[in-house]
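Peer 1: The file below is query-v7.tsv, TSV, N, CA and C atoms:
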```
chain	number	residue	atom	x	y	z
A	12	MET	N	0.84	-1.18	0.00
A	12	MET	CA	0.00	0.00	0.00
A	12	MET	C	0.88	1.24	0.00
A	13	GLU	N	0.46	2.22	-0.75
A	13	GLU	CA	1.20	3.47	-0.78
A	13	GLU	C	1.18	4.12	0.58
A	14	LEU	N	2.30	4.70	0.98
A	14	LEU	CA	2.42	5.36	2.28
A	14	LEU	C	1.39	6.47	2.45
A	15	GLU	N	1.15	7.23	1.41
A	15	GLU	CA	0.18	8.32	1.48
A	15	GLU	C	-1.23	7.80	1.77
A	16	THR	N	-1.59	6.67	1.17
A	16	THR	CA	-2.90	6.06	1.42
A	16	THR	C	-3.00	5.63	2.87
A	17	LEU	N	-1.96	5.02	3.38
A	17	LEU	CA	-1.93	4.59	4.78
A	17	LEU	C	-2.10	5.78	5.72
A	18	ARG	N	-1.38	6.85	5.47
A	18	ARG	CA	-1.48	8.04	6.30
A	18	ARG	C	-2.86	8.68	6.22
A	19	CYS	N	-3.45	8.61	5.06
A	19	CYS	CA	-4.78	9.18	4.86
A	19	CYS	C	-5.80	8.46	5.75
A	20	PHE	N	-5.69	7.15	5.88
A	20	PHE	CA	-6.57	6.41	6.79
A	20	PHE	C	-6.43	6.95	8.21
A	21	GLY	N	-5.23	7.18	8.66
A	21	GLY	CA	-5.00	7.71	10.00
A	21	GLY	C	-5.64	9.06	10.19
A	22	ASP	N	-5.48	9.93	9.21
A	22	ASP	CA	-6.09	11.26	9.28
A	22	ASP	C	-7.61	11.18	9.29
A	23	GLU	N	-8.15	10.30	8.48
A	23	GLU	CA	-9.60	10.18	8.38
A	23	GLU	C	-10.24	9.56	9.62
A	24	LEU	N	-9.46	8.79	10.38
A	24	LEU	CA	-9.99	8.25	11.64
A	24	LEU	C	-10.39	9.38	12.57
A	25	ASP	N	-9.65	10.48	12.53
A	25	ASP	CA	-9.98	11.63	13.38
A	25	ASP	C	-11.22	12.36	12.90
A	26	SER	N	-11.36	12.51	11.60
A	26	SER	CA	-12.47	13.32	11.09
A	26	SER	C	-13.80	12.56	11.00
A	27	ASP	N	-13.77	11.27	10.63
A	27	ASP	CA	-15.01	10.50	10.53
A	27	ASP	C	-14.69	9.02	10.75
A	28	TYR	N	-14.59	8.66	12.00
A	28	TYR	CA	-14.17	7.32	12.43
A	28	TYR	C	-15.02	6.22	11.78
A	29	GLU	N	-16.33	6.32	11.93
A	29	GLU	CA	-17.22	5.27	11.45
A	29	GLU	C	-17.17	5.12	9.93
A	30	ALA	N	-17.22	6.22	9.21
A	30	ALA	CA	-17.17	6.16	7.75
A	30	ALA	C	-15.84	5.61	7.27
A	31	THR	N	-14.75	5.97	7.95
A	31	THR	CA	-13.42	5.49	7.58
A	31	THR	C	-13.33	3.97	7.75
A	32	LEU	N	-13.84	3.46	8.87
A	32	LEU	CA	-13.83	2.01	9.08
A	32	LEU	C	-14.67	1.28	8.04
A	33	LYS	N	-15.83	1.82	7.76
A	33	LYS	CA	-16.69	1.19	6.75
A	33	LYS	C	-16.01	1.19	5.38
A	34	ARG	N	-15.34	2.28	5.05
A	34	ARG	CA	-14.64	2.36	3.76
A	34	ARG	C	-13.49	1.37	3.71
A	35	PHE	N	-12.74	1.25	4.82
A	35	PHE	CA	-11.62	0.31	4.87
A	35	PHE	C	-12.11	-1.12	4.71
A	36	VAL	N	-13.20	-1.45	5.36
A	36	VAL	CA	-13.75	-2.81	5.24
A	36	VAL	C	-14.20	-3.05	3.80
A	37	ALA	N	-14.81	-2.05	3.19
A	37	ALA	CA	-15.25	-2.20	1.80
A	37	ALA	C	-14.06	-2.41	0.86
A	38	LEU	N	-12.93	-1.80	1.16
A	38	LEU	CA	-11.74	-1.98	0.34
A	38	LEU	C	-11.25	-3.43	0.36
A	39	GLN	N	-11.56	-4.16	1.43
A	39	GLN	CA	-11.14	-5.56	1.54
A	39	GLN	C	-11.73	-6.41	0.42
A	40	VAL	N	-12.89	-6.01	-0.08
A	40	VAL	CA	-13.59	-6.82	-1.07
A	40	VAL	C	-13.74	-6.12	-2.42
A	41	ARG	N	-13.28	-4.86	-2.53
A	41	ARG	CA	-13.46	-4.11	-3.78
A	41	ARG	C	-12.87	-4.87	-4.96
A	42	GLY	N	-13.69	-5.04	-5.98
A	42	GLY	CA	-13.25	-5.72	-7.19
A	42	GLY	C	-13.51	-7.22	-7.18
A	43	SER	N	-13.82	-7.77	-6.03
A	43	SER	CA	-14.07	-9.20	-5.94
A	43	SER	C	-15.36	-9.56	-6.66
A	44	ALA	N	-15.37	-10.71	-7.27
A	44	ALA	CA	-16.57	-11.18	-7.96
A	44	ALA	C	-17.74	-11.35	-7.00
A	45	ASN	N	-17.46	-11.62	-5.75
A	45	ASN	CA	-18.50	-11.85	-4.73
A	45	ASN	C	-18.52	-10.73	-3.70
A	46	ALA	N	-18.26	-9.51	-4.12
A	46	ALA	CA	-18.04	-8.40	-3.19
A	46	ALA	C	-19.19	-8.17	-2.23
A	47	ARG	N	-20.40	-8.10	-2.73
A	47	ARG	CA	-21.54	-7.76	-1.86
A	47	ARG	C	-21.74	-8.79	-0.75
A	48	ALA	N	-21.75	-10.06	-1.08
A	48	ALA	CA	-21.96	-11.10	-0.08
A	48	ALA	C	-20.80	-11.15	0.90
A	49	THR	N	-19.59	-11.02	0.39
A	49	THR	CA	-18.41	-11.06	1.25
A	49	THR	C	-18.37	-9.87	2.19
A	50	LEU	N	-18.77	-8.70	1.71
A	50	LEU	CA	-18.79	-7.50	2.55
A	50	LEU	C	-19.75	-7.68	3.72
A	51	GLY	N	-20.91	-8.21	3.46
A	51	GLY	CA	-21.87	-8.46	4.55
A	51	GLY	C	-21.31	-9.42	5.58
A	52	GLN	N	-20.68	-10.47	5.11
A	52	GLN	CA	-20.08	-11.46	6.01
A	52	GLN	C	-18.95	-10.84	6.82
A	53	LEU	N	-18.11	-10.08	6.17
A	53	LEU	CA	-16.98	-9.44	6.84
A	53	LEU	C	-17.45	-8.45	7.89
A	54	ARG	N	-18.43	-7.62	7.56
A	54	ARG	CA	-18.96	-6.64	8.52
A	54	ARG	C	-19.57	-7.33	9.74
A	55	SER	N	-20.34	-8.38	9.50
A	55	SER	CA	-20.99	-9.04	10.63
A	55	SER	C	-19.98	-9.66	11.59
A	56	HIS	N	-18.90	-10.22	11.07
A	56	HIS	CA	-17.88	-10.80	11.94
A	56	HIS	C	-17.01	-9.74	12.59
A	57	LEU	N	-16.63	-8.75	11.81
A	57	LEU	CA	-15.70	-7.74	12.30
A	57	LEU	C	-16.29	-6.90	13.42
A	58	PHE	N	-17.56	-6.54	13.31
A	58	PHE	CA	-18.17	-5.66	14.29
A	58	PHE	C	-19.07	-6.40	15.28
A	59	ALA	N	-18.98	-7.73	15.31
A	59	ALA	CA	-19.83	-8.53	16.20
A	59	ALA	C	-19.61	-8.20	17.67
A	60	ARG	N	-18.42	-7.78	18.02
A	60	ARG	CA	-18.11	-7.46	19.42
A	60	ARG	C	-17.93	-5.96	19.63
A	61	GLY	N	-18.48	-5.19	18.72
A	61	GLY	CA	-18.37	-3.74	18.83
A	61	GLY	C	-17.29	-3.21	17.90
A	62	TRP	N	-17.13	-1.90	17.94
A	62	TRP	CA	-16.16	-1.23	17.08
A	62	TRP	C	-14.79	-1.25	17.72
A	63	PRO	N	-13.75	-1.41	16.92
A	63	PRO	CA	-12.38	-1.41	17.48
A	63	PRO	C	-12.04	-0.03	18.04
A	64	ALA	N	-11.17	-0.02	19.03
A	64	ALA	CA	-10.75	1.24	19.66
A	64	ALA	C	-9.89	2.04	18.69
A	65	ARG	N	-10.12	3.34	18.67
A	65	ARG	CA	-9.34	4.22	17.79
A	65	ARG	C	-7.85	4.11	18.07
A	66	GLU	N	-7.50	4.03	19.34
A	66	GLU	CA	-6.08	3.97	19.72
A	66	GLU	C	-5.42	2.71	19.17
A	67	THR	N	-6.15	1.63	19.18
A	67	THR	CA	-5.62	0.37	18.65
A	67	THR	C	-5.40	0.47	17.14
A	68	LEU	N	-6.36	1.04	16.45
A	68	LEU	CA	-6.22	1.21	15.00
A	68	LEU	C	-5.07	2.15	14.67
A	69	ARG	N	-4.96	3.23	15.42
A	69	ARG	CA	-3.87	4.19	15.19
A	69	ARG	C	-2.51	3.51	15.42
A	70	ALA	N	-2.41	2.70	16.47
A	70	ALA	CA	-1.15	1.99	16.76
A	70	ALA	C	-0.84	0.98	15.65
A	71	ALA	N	-1.85	0.31	15.14
A	71	ALA	CA	-1.64	-0.65	14.06
A	71	ALA	C	-1.16	0.04	12.79
A	72	LEU	N	-1.76	1.18	12.46
A	72	LEU	CA	-1.32	1.94	11.29
A	72	LEU	C	0.13	2.41	11.45
A	73	ALA	N	0.48	2.86	12.65
A	73	ALA	CA	1.86	3.30	12.90
A	73	ALA	C	2.83	2.13	12.75
A	74	LEU	N	2.45	0.97	13.26
A	74	LEU	CA	3.31	-0.21	13.14
A	74	LEU	C	3.53	-0.58	11.68
A	75	ILE	N	2.47	-0.55	10.89
A	75	ILE	CA	2.60	-0.86	9.47
A	75	ILE	C	3.49	0.16	8.78
A	76	GLU	N	3.31	1.43	9.12
A	76	GLU	CA	4.10	2.49	8.48
A	76	GLU	C	5.58	2.40	8.83
A	77	GLN	N	5.89	1.99	10.04
A	77	GLN	CA	7.27	2.01	10.53
A	77	GLN	C	8.02	0.70	10.34
A	78	THR	N	7.34	-0.34	9.88
A	78	THR	CA	7.97	-1.65	9.80
A	78	THR	C	8.16	-2.08	8.35
A	79	ASP	N	9.40	-2.33	7.99
A	79	ASP	CA	9.72	-2.82	6.65
A	79	ASP	C	10.64	-4.03	6.82
A	80	LEU	N	10.11	-5.20	6.59
A	80	LEU	CA	10.87	-6.43	6.80
A	80	LEU	C	11.34	-7.08	5.51
A	81	ARG	N	11.31	-6.34	4.42
A	81	ARG	CA	11.71	-6.92	3.13
A	81	ARG	C	13.14	-7.45	3.14
A	82	ALA	N	14.02	-6.81	3.88
A	82	ALA	CA	15.42	-7.24	3.90
A	82	ALA	C	15.61	-8.60	4.56
A	83	VAL	N	14.71	-8.99	5.46
A	83	VAL	CA	14.88	-10.27	6.15
A	83	VAL	C	14.12	-11.42	5.49
A	84	VAL	N	13.30	-11.10	4.50
A	84	VAL	CA	12.52	-12.16	3.84
A	84	VAL	C	13.40	-13.30	3.33
A	85	PRO	N	14.55	-13.04	2.70
A	85	PRO	CA	15.37	-14.16	2.21
A	85	PRO	C	15.89	-15.08	3.31
A	86	SER	N	15.84	-14.64	4.56
A	86	SER	CA	16.32	-15.50	5.66
A	86	SER	C	15.23	-16.43	6.19
A	87	ILE	N	14.03	-16.31	5.69
A	87	ILE	CA	12.92	-17.18	6.12
A	87	ILE	C	12.95	-18.43	5.26
A	88	THR	N	13.39	-19.52	5.83
A	88	THR	CA	13.61	-20.73	5.04
A	88	THR	C	12.47	-21.75	5.11
A	89	GLN	N	11.49	-21.51	5.96
A	89	GLN	CA	10.37	-22.43	6.07
A	89	GLN	C	9.56	-22.39	4.77
A	90	PRO	N	9.05	-23.55	4.34
A	90	PRO	CA	8.16	-23.53	3.18
A	90	PRO	C	6.98	-22.61	3.48
A	91	SER	N	6.68	-21.74	2.53
A	91	SER	CA	5.65	-20.73	2.74
A	91	SER	C	4.77	-20.60	1.51
A	92	LEU	N	3.49	-20.41	1.75
A	92	LEU	CA	2.54	-20.19	0.67
A	92	LEU	C	2.01	-18.77	0.78
A	93	VAL	N	2.13	-18.03	-0.28
A	93	VAL	CA	1.58	-16.68	-0.36
A	93	VAL	C	0.36	-16.77	-1.28
A	94	ILE	N	-0.80	-16.44	-0.72
A	94	ILE	CA	-2.04	-16.46	-1.48
A	94	ILE	C	-2.46	-15.02	-1.71
A	95	ALA	N	-2.70	-14.67	-2.97
A	95	ALA	CA	-3.08	-13.30	-3.31
A	95	ALA	C	-4.36	-13.30	-4.11
A	96	GLY	N	-5.10	-12.21	-3.94
A	96	GLY	CA	-6.29	-11.99	-4.75
A	96	GLY	C	-5.92	-11.17	-5.98
A	97	GLU	N	-6.35	-11.59	-7.12
A	97	GLU	CA	-6.03	-10.91	-8.38
A	97	GLU	C	-6.47	-9.45	-8.37
A	98	ARG	N	-7.55	-9.14	-7.67
A	98	ARG	CA	-8.11	-7.79	-7.68
A	98	ARG	C	-7.90	-7.05	-6.36
A	99	ASP	N	-6.92	-7.44	-5.60
A	99	ASP	CA	-6.65	-6.83	-4.30
A	99	ASP	C	-6.13	-5.40	-4.49
A	100	THR	N	-6.83	-4.43	-3.91
A	100	THR	CA	-6.40	-3.04	-4.01
A	100	THR	C	-5.59	-2.60	-2.80
A	101	LEU	N	-5.54	-3.40	-1.75
A	101	LEU	CA	-4.77	-3.06	-0.55
A	101	LEU	C	-3.36	-3.63	-0.59
A	102	ALA	N	-3.25	-4.89	-0.97
A	102	ALA	CA	-1.94	-5.54	-1.12
A	102	ALA	C	-1.94	-6.15	-2.52
A	103	PRO	N	-1.43	-5.43	-3.49
A	103	PRO	CA	-1.50	-5.89	-4.88
A	103	PRO	C	-0.90	-7.28	-5.08
A	104	ALA	N	-1.48	-7.98	-6.04
A	104	ALA	CA	-1.00	-9.32	-6.36
A	104	ALA	C	0.49	-9.33	-6.67
A	105	ALA	N	0.99	-8.27	-7.27
A	105	ALA	CA	2.42	-8.19	-7.58
A	105	ALA	C	3.27	-8.22	-6.32
A	106	ALA	N	2.77	-7.65	-5.23
A	106	ALA	CA	3.49	-7.69	-3.96
A	106	ALA	C	3.55	-9.12	-3.43
A	107	GLY	N	2.46	-9.85	-3.58
A	107	GLY	CA	2.46	-11.25	-3.17
A	107	GLY	C	3.40	-12.09	-4.01
A	108	ALA	N	3.43	-11.82	-5.32
A	108	ALA	CA	4.35	-12.54	-6.20
A	108	ALA	C	5.80	-12.25	-5.82
A	109	TRP	N	6.09	-10.97	-5.50
A	109	TRP	CA	7.45	-10.61	-5.06
A	109	TRP	C	7.82	-11.38	-3.80
A	110	LEU	N	6.90	-11.41	-2.83
A	110	LEU	CA	7.17	-12.09	-1.57
A	110	LEU	C	7.45	-13.57	-1.79
A	111	ALA	N	6.60	-14.22	-2.56
A	111	ALA	CA	6.80	-15.65	-2.82
A	111	ALA	C	8.13	-15.91	-3.51
A	112	ASP	N	8.50	-15.03	-4.43
A	112	ASP	CA	9.76	-15.18	-5.14
A	112	ASP	C	10.97	-14.92	-4.23
A	113	ALA	N	10.83	-13.99	-3.30
A	113	ALA	CA	11.93	-13.65	-2.40
A	113	ALA	C	12.13	-14.67	-1.28
A	114	LEU	N	11.10	-15.43	-0.99
A	114	LEU	CA	11.22	-16.48	0.03
A	114	LEU	C	11.94	-17.68	-0.58
A	115	PRO	N	13.00	-18.19	0.06
A	115	PRO	CA	13.73	-19.32	-0.50
A	115	PRO	C	12.87	-20.55	-0.79
A	116	ALA	N	11.85	-20.78	0.03
A	116	ALA	CA	10.96	-21.92	-0.19
A	116	ALA	C	9.53	-21.42	-0.36
A	117	GLY	N	9.39	-20.33	-1.11
A	117	GLY	CA	8.08	-19.72	-1.30
A	117	GLY	C	7.30	-20.30	-2.46
A	118	SER	N	6.01	-20.37	-2.27
A	118	SER	CA	5.08	-20.77	-3.33
A	118	SER	C	4.04	-19.67	-3.45
A	119	TYR	N	3.43	-19.57	-4.60
A	119	TYR	CA	2.50	-18.49	-4.86
A	119	TYR	C	1.22	-19.03	-5.47
A	120	ALA	N	0.09	-18.55	-4.96
A	120	ALA	CA	-1.20	-18.91	-5.53
A	120	ALA	C	-1.98	-17.61	-5.76
A	121	LEU	N	-2.39	-17.38	-6.97
A	121	LEU	CA	-3.18	-16.21	-7.32
A	121	LEU	C	-4.62	-16.67	-7.52
A	122	ILE	N	-5.52	-16.04	-6.80
A	122	ILE	CA	-6.93	-16.42	-6.91
A	122	ILE	C	-7.64	-15.38	-7.80
A	123	ALA	N	-8.06	-15.84	-8.95
A	123	ALA	CA	-8.72	-14.97	-9.92
A	123	ALA	C	-10.02	-14.41	-9.36
A	124	SER	N	-10.30	-13.17	-9.68
A	124	SER	CA	-11.53	-12.47	-9.30
A	124	SER	C	-11.68	-12.24	-7.81
A	125	ALA	N	-10.61	-12.47	-7.04
A	125	ALA	CA	-10.66	-12.25	-5.60
A	125	ALA	C	-9.98	-10.93	-5.25
A	126	ALA	N	-10.40	-10.34	-4.14
A	126	ALA	CA	-9.78	-9.12	-3.65
A	126	ALA	C	-8.90	-9.47	-2.44
A	127	HIS	N	-8.98	-8.70	-1.37
A	127	HIS	CA	-8.06	-8.84	-0.24
A	127	HIS	C	-8.39	-10.00	0.70
A	128	ALA	N	-9.60	-10.51	0.62
A	128	ALA	CA	-10.01	-11.57	1.55
A	128	ALA	C	-10.49	-12.81	0.80
A	129	PRO	N	-9.60	-13.46	0.02
A	129	PRO	CA	-10.05	-14.60	-0.78
A	129	PRO	C	-10.52	-15.79	0.06
A	130	PHE	N	-10.08	-15.86	1.30
A	130	PHE	CA	-10.54	-16.95	2.17
A	130	PHE	C	-12.03	-16.80	2.48
A	131	LEU	N	-12.58	-15.58	2.36
A	131	LEU	CA	-14.01	-15.35	2.54
A	131	LEU	C	-14.76	-15.37	1.21
A	132	SER	N	-14.23	-14.68	0.21
A	132	SER	CA	-14.94	-14.54	-1.05
A	132	SER	C	-14.83	-15.76	-1.96
A	133	HIS	N	-13.72	-16.48	-1.86
A	133	HIS	CA	-13.45	-17.63	-2.72
A	133	HIS	C	-12.91	-18.79	-1.88
A	134	PRO	N	-13.71	-19.27	-0.93
A	134	PRO	CA	-13.18	-20.30	-0.01
A	134	PRO	C	-12.75	-21.59	-0.71
A	135	ASP	N	-13.46	-22.00	-1.74
A	135	ASP	CA	-13.09	-23.25	-2.43
A	135	ASP	C	-11.71	-23.14	-3.06
A	136	GLU	N	-11.48	-22.03	-3.76
A	136	GLU	CA	-10.18	-21.82	-4.41
A	136	GLU	C	-9.08	-21.63	-3.37
A	137	PHE	N	-9.41	-20.93	-2.30
A	137	PHE	CA	-8.43	-20.70	-1.24
A	137	PHE	C	-7.99	-22.03	-0.63
A	138	PHE	N	-8.95	-22.87	-0.25
A	138	PHE	CA	-8.60	-24.14	0.39
A	138	PHE	C	-7.97	-25.12	-0.59
A	139	GLU	N	-8.32	-25.02	-1.86
A	139	GLU	CA	-7.66	-25.85	-2.87
A	139	GLU	C	-6.17	-25.51	-2.94
A	140	ALA	N	-5.87	-24.20	-2.94
A	140	ALA	CA	-4.46	-23.77	-2.96
A	140	ALA	C	-3.74	-24.22	-1.69
A	141	LEU	N	-4.39	-24.07	-0.57
A	141	LEU	CA	-3.80	-24.46	0.70
A	141	LEU	C	-3.57	-25.96	0.78
A	142	GLU	N	-4.55	-26.73	0.38
A	142	GLU	CA	-4.40	-28.19	0.39
A	142	GLU	C	-3.30	-28.63	-0.56
A	143	GLY	N	-3.23	-28.00	-1.73
A	143	GLY	CA	-2.18	-28.35	-2.69
A	143	GLY	C	-0.81	-28.07	-2.11
A	144	PHE	N	-0.67	-26.98	-1.39
A	144	PHE	CA	0.60	-26.63	-0.77
A	144	PHE	C	0.96	-27.65	0.32
A	145	VAL	N	-0.01	-27.96	1.17
A	145	VAL	CA	0.25	-28.89	2.27
A	145	VAL	C	0.55	-30.29	1.75
A	146	ASP	N	-0.14	-30.68	0.70
A	146	ASP	CA	0.06	-32.01	0.11
A	146	ASP	C	1.27	-32.08	-0.80
A	147	GLY	N	1.92	-30.94	-1.05
A	147	GLY	CA	3.09	-30.91	-1.91
A	147	GLY	C	2.78	-30.96	-3.40
A	148	ARG	N	1.57	-30.59	-3.77
A	148	ARG	CA	1.19	-30.59	-5.20
A	148	ARG	C	1.65	-29.35	-5.89
```
If you took the structure in this file and wrote it as structure tokens, what would it be?
Peer 2:
Amino acid sequence: MELETLRCFGDELDSDYEATLKRFVALQVRGSANARATLGQLRSHLFARGWPARETLRAALALIEQTDLRAVVPSITQPSLVIAGERDTLAPAAAGAWLADALPAGSYALIASAAHAPFLSHPDEFFEALEGFVDGR
């Protein structure tokens, strides 16, 4: 995600907390073939216990902004599967492909027509990729 976009979320939390959260949740599914159904499912689970604390969200955004672990990725030797949504606007599929390629034992699965939450919008394809990885296919 672009740094400016990340900072904009932080600024918008101050001006319109509820609208900002709703927009962020909508971004999780934007472009997905099953966006409407997935958005409803995501909202019901995410807000089931109330709204997250502003301080927690602000701290999470700061952590994301200040943490860059790309230099240590090549030292992660465990077999790893990176699953990306083809239409992800938050973490582009190209970023997932880069990560899988930079991991010494990385594998990559791209889920067509999925956005940021393919485990919700495309569970069959998600679990097929996961099972294939675990089974060594």
Peer 1: Within 6 Å of (-15.9, -12.8, -9.5), in the coordinates the file gives, what residues turn up when you count only N, CA and C atoms, written out as a VMD selection string?
Peer 2: chain A and resid 43 to 45 124 to 125
Peer 1: With DSSP run on the backbone, what are the strand (DSSP E) residues within chain A? I'd like them as a PyMOL selection string.
Peer 2: chain A and resi 91-96+117-122
Peer 1: Distance atom C of Ile75 in chain A-atom C of Ala102 in chain A, one decimal place?
Peer 2: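 Distance between the two atoms: 14.0 Å.
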Peer 1: Run DSSP on the backbone of this structure and report the residues of chain A it assigns to alpha helix (DSSP H), as an MDAnalysis selection string.
Peer 2: chainID A and resid 14:26 28:40 46:57 65:77 104:113 129:132 134:146
Peer 1: As an exercise, work out the distance from atom C of Thr78 in chain A to atom N of Arg41 in chain A in Å and give it to one decimal place.
Peer 2: 24.2 Å
Peer 1: Would you pick out the contacts of Arg81 in chain A at 9 Å or less, using only C-alpha atoms, so that residues sharing its chain but fewer than 3 positions from it are not included, and give the list as a list in words?
Peer 2: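 Skipping anything fewer than 3 positions along the chain leaves Val84, Pro85, Leu110 and Ala113 of chain A.
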Peer 1: Scan for residues within 10 Å of the point (-17.8, -16.6, 1.4) in the coordinates of the file, using only C-alpha atoms, and reply as a list in words.
Peer 2: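 Result, sorted by chain then residue number: Asn45, Ala46, Ala48, Thr49, Leu50, Gly51, Gln52, Leu53, Ala128, Pro129, Phe130, Leu131, Ser132, His133, Pro134 and Asp135 of chain A.
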Peer 1: Next, dump the selected residues to file, keeping only N, CA and C atoms, as a CSV table (one decimal), in the coordinates of the input.
Peer 2:
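Final output, saved to part.csv:
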```csv
chain,number,residue,atom,x,y,z
A,45,ASN,N,-17.5,-11.6,-5.8
A,45,ASN,CA,-18.5,-11.8,-4.7
A,45,ASN,C,-18.5,-10.7,-3.7
A,46,ALA,N,-18.3,-9.5,-4.1
A,46,ALA,CA,-18.0,-8.4,-3.2
A,46,ALA,C,-19.2,-8.2,-2.2
A,48,ALA,N,-21.8,-10.1,-1.1
A,48,ALA,CA,-22.0,-11.1,-0.1
A,48,ALA,C,-20.8,-11.2,0.9
A,49,THR,N,-19.6,-11.0,0.4
A,49,THR,CA,-18.4,-11.1,1.2
A,49,THR,C,-18.4,-9.9,2.2
A,50,LEU,N,-18.8,-8.7,1.7
A,50,LEU,CA,-18.8,-7.5,2.6
A,50,LEU,C,-19.8,-7.7,3.7
A,51,GLY,N,-20.9,-8.2,3.5
A,51,GLY,CA,-21.9,-8.5,4.6
A,51,GLY,C,-21.3,-9.4,5.6
A,52,GLN,N,-20.7,-10.5,5.1
A,52,GLN,CA,-20.1,-11.5,6.0
A,52,GLN,C,-19.0,-10.8,6.8
A,53,LEU,N,-18.1,-10.1,6.2
A,53,LEU,CA,-17.0,-9.4,6.8
A,53,LEU,C,-17.4,-8.4,7.9
A,128,ALA,N,-9.6,-10.5,0.6
A,128,ALA,CA,-10.0,-11.6,1.6
A,128,ALA,C,-10.5,-12.8,0.8
A,129,PRO,N,-9.6,-13.5,0.0
A,129,PRO,CA,-10.0,-14.6,-0.8
A,129,PRO,C,-10.5,-15.8,0.1
A,130,PHE,N,-10.1,-15.9,1.3
A,130,PHE,CA,-10.5,-17.0,2.2
A,130,PHE,C,-12.0,-16.8,2.5
A,131,LEU,N,-12.6,-15.6,2.4
A,131,LEU,CA,-14.0,-15.4,2.5
A,131,LEU,C,-14.8,-15.4,1.2
A,132,SER,N,-14.2,-14.7,0.2
A,132,SER,CA,-14.9,-14.5,-1.0
A,132,SER,C,-14.8,-15.8,-2.0
A,133,HIS,N,-13.7,-16.5,-1.9
A,133,HIS,CA,-13.4,-17.6,-2.7
A,133,HIS,C,-12.9,-18.8,-1.9
A,134,PRO,N,-13.7,-19.3,-0.9
A,134,PRO,CA,-13.2,-20.3,0.0
A,134,PRO,C,-12.8,-21.6,-0.7
A,135,ASP,N,-13.5,-22.0,-1.7
A,135,ASP,CA,-13.1,-23.2,-2.4
A,135,ASP,C,-11.7,-23.1,-3.1
```
Peer 1: Could you work out how far atom C of Arg98 in chain A lies from atom C of Val40 in chain A, giving the answer in Å with one decimal?
Peer 2: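 Answer for the atom C of Val40 in chain A to atom C of Arg98 in chain A separation: 7.1 Å.
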Peer 1: What's around Gly117 in chain A at 8 Å? Count only N, CA and C atoms, leave out sequence neighbours fewer than 4 positions away in its own chain, and write the answer as a PDB file with N, CA and C atoms, keeping the file's coordinate frame.
Peer 2:
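This went into result_14.pdb:
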```
ATOM      1  N   ILE A  87      14.030 -16.310   5.690  1.00  0.00           N
ATOM      2  CA  ILE A  87      12.920 -17.180   6.120  1.00  0.00           C
ATOM      3  C   ILE A  87      12.950 -18.430   5.260  1.00  0.00           C
ATOM      4  N   THR A  88      13.390 -19.520   5.830  1.00  0.00           N
ATOM      5  CA  THR A  88      13.610 -20.730   5.040  1.00  0.00           C
ATOM      6  C   THR A  88      12.470 -21.750   5.110  1.00  0.00           C
ATOM      7  N   GLN A  89      11.490 -21.510   5.960  1.00  0.00           N
ATOM      8  CA  GLN A  89      10.370 -22.430   6.070  1.00  0.00           C
ATOM      9  C   GLN A  89       9.560 -22.390   4.770  1.00  0.00           C
ATOM     10  N   PRO A  90       9.050 -23.550   4.340  1.00  0.00           N
ATOM     11  CA  PRO A  90       8.160 -23.530   3.180  1.00  0.00           C
ATOM     12  C   PRO A  90       6.980 -22.610   3.480  1.00  0.00           C
ATOM     13  N   SER A  91       6.680 -21.740   2.530  1.00  0.00           N
ATOM     14  CA  SER A  91       5.650 -20.730   2.740  1.00  0.00           C
ATOM     15  C   SER A  91       4.770 -20.600   1.510  1.00  0.00           C
ATOM     16  N   LEU A  92       3.490 -20.410   1.750  1.00  0.00           N
ATOM     17  CA  LEU A  92       2.540 -20.190   0.670  1.00  0.00           C
ATOM     18  C   LEU A  92       2.010 -18.770   0.780  1.00  0.00           C
ATOM     19  N   VAL A  93       2.130 -18.030  -0.280  1.00  0.00           N
ATOM     20  CA  VAL A  93       1.580 -16.680  -0.360  1.00  0.00           C
ATOM     21  C   VAL A  93       0.360 -16.770  -1.280  1.00  0.00           C
ATOM     22  N   LEU A 110       6.900 -11.410  -2.830  1.00  0.00           N
ATOM     23  CA  LEU A 110       7.170 -12.090  -1.570  1.00  0.00           C
ATOM     24  C   LEU A 110       7.450 -13.570  -1.790  1.00  0.00           C
ATOM     25  N   ALA A 111       6.600 -14.220  -2.560  1.00  0.00           N
ATOM     26  CA  ALA A 111       6.800 -15.650  -2.820  1.00  0.00           C
ATOM     27  C   ALA A 111       8.130 -15.910  -3.510  1.00  0.00           C
ATOM     28  N   ASP A 112       8.500 -15.030  -4.430  1.00  0.00           N
ATOM     29  CA  ASP A 112       9.760 -15.180  -5.140  1.00  0.00           C
ATOM     30  C   ASP A 112      10.970 -14.920  -4.230  1.00  0.00           C
ATOM     31  N   ALA A 113      10.830 -13.990  -3.300  1.00  0.00           N
ATOM     32  CA  ALA A 113      11.930 -13.650  -2.400  1.00  0.00           C
ATOM     33  C   ALA A 113      12.130 -14.670  -1.280  1.00  0.00           C
TER      34      ALA A 113
END
```
Peer 1: Which residue is closest to Gln39 in chain A? Choose from A:Ala82, A:Thr100, A:Asp27, A:Ser118 and count all atoms listed in the file.
Peer 2: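 Checking each candidate against Gln39 in chain A, we get A:Thr100 as the closest.
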